[in-house]
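Down below is the structure, laid out as structure tokens.
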Amino acid sequence: MKEKIQKLEQEIKEALSSVRTQEELEAVRIKYIGRKGALTEMIKSIKDAPPEDRPYVGKMINVLKASIEGRFKQGSASGAPVPAGKPSGIDSSLPGAKFDLGSKHPLTQAIDEICDVFLGLGFRIVEGPEIETEYYNFTALNIPDDHPSRETFHTFFLDVAAERHERTGTDHKALLRSQTSTVQIRIMEKEEPPLQIIAPGKVFRPDATDASHSFMFHQIEGLMVNKNIKFSDLKGILDLFCKEMFGKSTETRFRPHFFPFTEPSVEVDVSCMICKGKGCRVCGRKGWLEILGAGMVNPKVFEAVGYSPDKWTGFAFGMGVERIAMLKWGIGDIRIFYENDLRFLKQF
Ligand code: DAH
């Protein structure tokens, strides 16, 4: 029996080595391990071998069968050349197919980069809804119904039923938020100080689209509330942020301004990174670029969320992501962010 197996093994090896086409390979397969093949028949005859030989013989046959099946699985790749006119579909000498690897949108990269600076300073990222009510977009931020500053944040109102604000029991129109300052209120309503948050997200304003305006853009809002937060804390953190974002040699300037939700309020300028403060076309020959609004949280805002202004102080800031990205990468037209032009996107 053992000799028979060895003989068959030799025979199969020879048959395989002379195979030239897929058809011949298939013929060898049928002849030896097909349903009536020689090896298959041999497996059936194990039962005729002397009982003490059976385990050994069985093992030999199985090993042989496995190795031969392996050869057949590899098909023409192992030994049997491909017949003309019938390609196997695999040419291992060809270079691999290249896949286009996507990358993050420049606005996402800018948001990530800005958030990273604040995460490093112990801030936490939070989000709020894009569909808001007048209460969160205006009222709680100390912008009453008839206040002229509402004009600055002109707004898309939604044609749906007014929504009741639970705590105050007042009804407010629904709208698309025109600023991420809404998120300050939502978080302070839910959580007690101390707080250190940043809130990135989309905002909407009915502006005519041009090189520097879009009806949708992105803002990042920041808020820090604790005991004894001072204006010098605001200055220190925002100065550090600007240096991280635009380079160590960047200088900052804090100009008095007005925002209803902060008092005092400032606009923050950075020295122009294009001309290094000398004055150029980008900074309008001023040497400075305005990049964010900020201020000490107005006690009226703390009262609206139920914080005691005697106990807590804080600062808030808000910046436009598109504007920062445009300055950072020298992009001249805001519309290009939303056009999905691969020639633009592939540069980031
Ligand atoms: N919400 C303001 C805007 O959209 C930006 C802003 C200014 C946010 C001052 C603030 C702040 O938190 O303190 O123009």
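Each chain in the structure tokens gets a letter, A, B, ..., in the order shown, and its residues are numbered from 1; ligands are numbered from 1 in order too.
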Let me see if you get this right: every residue at most 7 Å from ligand 1, counting only C-alpha atoms and all ligand atoms, written as a PyMOL selection string.
chain A and resi 153+178-181+221-223+259+261-262+265+292-297+315-319
Next on the checklist: I want to know what sits within 10 Å of Asp210 (chain A), based on only C-alpha atoms, with residues of the same chain fewer than 5 positions away left out; could you give that as a PyMOL selection string?
Outcome noted: chain A and resi 215+333-335
Any chance you could list, as a ChimeraX atom specification, the residues in region 141-209 of chain A that come up alpha helix (DSSP H) when DSSP is run on the backbone?
/A:181-190
Please write the residues from the selection above to a file, keeping N, CA and C atoms, as a JSON list (two decimals), in the first residue's frame.
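Dumped to part_33.json:
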```
[["chain", "number", "residue", "atom", "x", "y", "z"],
["A", 181, "SER", "N", -22.45, 82.28, 19.48],
["A", 181, "SER", "CA", -22.58, 82.71, 20.88],
["A", 181, "SER", "C", -23.77, 82.02, 21.55],
["A", 182, "THR", "N", -24.72, 81.54, 20.75],
["A", 182, "THR", "CA", -25.86, 80.77, 21.27],
["A", 182, "THR", "C", -25.41, 79.61, 22.16],
["A", 183, "VAL", "N", -24.28, 79.01, 21.79],
["A", 183, "VAL", "CA", -23.83, 77.80, 22.50],
["A", 183, "VAL", "C", -23.39, 78.12, 23.94],
["A", 184, "GLN", "N", -22.86, 79.35, 24.12],
["A", 184, "GLN", "CA", -22.53, 79.79, 25.50],
["A", 184, "GLN", "C", -23.75, 79.62, 26.40],
["A", 185, "ILE", "N", -24.89, 80.14, 25.92],
["A", 185, "ILE", "CA", -26.11, 80.13, 26.73],
["A", 185, "ILE", "C", -26.56, 78.70, 26.99],
["A", 186, "ARG", "N", -26.57, 77.88, 25.93],
["A", 186, "ARG", "CA", -27.02, 76.50, 26.09],
["A", 186, "ARG", "C", -26.18, 75.74, 27.13],
["A", 187, "ILE", "N", -24.86, 75.96, 27.11],
["A", 187, "ILE", "CA", -23.99, 75.24, 28.05],
["A", 187, "ILE", "C", -24.18, 75.79, 29.47],
["A", 188, "MET", "N", -24.23, 77.13, 29.60],
["A", 188, "MET", "CA", -24.34, 77.70, 30.95],
["A", 188, "MET", "C", -25.68, 77.34, 31.59],
["A", 189, "GLU", "N", -26.73, 77.19, 30.76],
["A", 189, "GLU", "CA", -28.03, 76.77, 31.31],
["A", 189, "GLU", "C", -27.94, 75.37, 31.93],
["A", 190, "LYS", "N", -27.09, 74.54, 31.33],
["A", 190, "LYS", "CA", -27.02, 73.13, 31.76],
["A", 190, "LYS", "C", -25.97, 72.86, 32.83]]
```
Inset, instruction - Tell me which of A:Gly287, A:Pro194, A:Pro260, A:Gly34 sits closest to Arg150 (chain A), counting only C-alpha atoms. - result: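 Of A:Gly287, A:Pro194, A:Pro260, A:Gly34, the one nearest Arg150 (chain A), counting only C-alpha atoms, is A:Pro260.
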(message) Which residues are near Leu176 (chain A)? Cut-off 8 Å, only C-alpha atoms, ignore same chain within fewer than 6 positions. Put them as an MDAnalysis selection string.
(response) chainID A and resid 130:133 155:158 203:204
Could you check how far CA of Ile229 (chain A) sits from CA of Glu263 (chain A), in Å to one decimal?
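Straight-line distance from CA of Ile229 (chain A) to CA of Glu263 (chain A) works out to 13.3 Å.
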**Asked** What does the distance between CA of Pro106 (chain A) and CA of Glu244 (chain A) come to in Å, to one decimal place?
**Response**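 Taking CA of Pro106 (chain A) and CA of Glu244 (chain A), their separation equals 17.6 Å.
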- request: For Met245 (chain A), please output as a ChimeraX atom specification all residues within 10 Å (counting only C-alpha atoms; exclusion window: fewer than 6 positions along the same chain).
  value: /A:110,113-114,117,239,324,328
Review point. Among region 113-176 of chain A, which residues carry a DSSP assignment of strand (DSSP E or B), reported as an NGL selection string?
Key: :A and (124-125 or 131-133 or 156-157 or 163-165 or 170-172 or 174-176)
Counting only C-alpha atoms, closest pick from A:Ile220, A:Ile197, A:Asn340, A:Leu39 relative to Arg124 (chain A) is A:Ile197
Taking 5 positions as the minimum chain separation for residues in the same chain, which residues sit within 12 Å of Gly37 (chain A) when counting only C-alpha atoms? Answer as a PyMOL selection string.
chain A and resi 8+12+27-32+42-44+65
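If you look at CA of Thr21 (chain A) and CA of Lys7 (chain A), they are 24.4 Å away from each other.
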List the spatial neighbours of Gly58 (chain A) as a tab-separated table (two decimals) with all heavy atoms, in the first residue's frame - criterion: any atom at most 9 Å away, only C-alpha atoms, same-chain residues fewer than 4 positions off excluded.
```tsv
chain	number	residue	atom	x	y	z
A	43	ILE	N	-8.14	6.45	-1.39
A	43	ILE	CA	-8.69	6.80	-0.07
A	43	ILE	C	-9.75	5.77	0.33
A	43	ILE	O	-9.80	5.32	1.47
A	43	ILE	CB	-9.28	8.23	-0.10
A	43	ILE	CG1	-8.16	9.27	-0.25
A	43	ILE	CG2	-10.09	8.52	1.18
A	43	ILE	CD1	-8.62	10.67	-0.60
A	46	ILE	N	-8.48	2.49	1.86
A	46	ILE	CA	-7.76	2.45	3.16
A	46	ILE	C	-8.31	1.32	4.02
A	46	ILE	O	-7.58	0.63	4.72
A	46	ILE	CB	-7.88	3.81	3.91
A	46	ILE	CG1	-7.14	4.89	3.14
A	46	ILE	CG2	-7.31	3.70	5.32
A	46	ILE	CD1	-7.29	6.29	3.73
A	53	ASP	N	-1.69	-0.61	9.87
A	53	ASP	CA	-1.14	0.34	8.89
A	53	ASP	C	-2.08	1.51	8.62
A	53	ASP	O	-1.67	2.54	8.09
A	53	ASP	CB	-0.87	-0.37	7.55
A	53	ASP	CG	0.42	-1.17	7.62
A	53	ASP	OD1	1.09	-1.07	8.67
A	53	ASP	OD2	0.72	-1.88	6.64
A	54	ARG	N	-3.37	1.31	8.93
A	54	ARG	CA	-4.37	2.29	8.47
A	54	ARG	C	-4.09	3.75	8.88
A	54	ARG	O	-4.13	4.63	8.01
A	54	ARG	CB	-5.77	1.88	8.95
A	54	ARG	CG	-6.38	0.87	8.01
A	54	ARG	CD	-7.76	0.48	8.46
A	54	ARG	NE	-7.99	-0.93	8.13
A	54	ARG	CZ	-8.93	-1.68	8.68
A	54	ARG	NH1	-9.73	-1.18	9.60
A	54	ARG	NH2	-9.07	-2.93	8.31
A	62	ASN	N	-3.64	11.74	2.99
A	62	ASN	CA	-4.17	13.10	3.25
A	62	ASN	C	-3.15	14.18	2.94
A	62	ASN	O	-3.48	15.21	2.35
A	62	ASN	CB	-4.63	13.22	4.71
A	62	ASN	CG	-6.03	12.66	4.86
A	62	ASN	OD1	-6.80	12.63	3.89
A	62	ASN	ND2	-6.36	12.21	6.06
A	63	VAL	N	-1.90	13.95	3.38
A	63	VAL	CA	-0.85	14.93	3.12
A	63	VAL	C	-0.67	15.13	1.62
A	63	VAL	O	-0.61	16.25	1.11
A	63	VAL	CB	0.48	14.49	3.78
A	63	VAL	CG1	1.64	15.35	3.29
A	63	VAL	CG2	0.36	14.56	5.30
```
Which residues are close to Leu141 (chain A), i.e. within 7 Å by only C-alpha atoms, leaving aside same-chain residues fewer than 2 positions away? Reply as a PyMOL selection string. chain A and resi 136-139+143+260-261+301
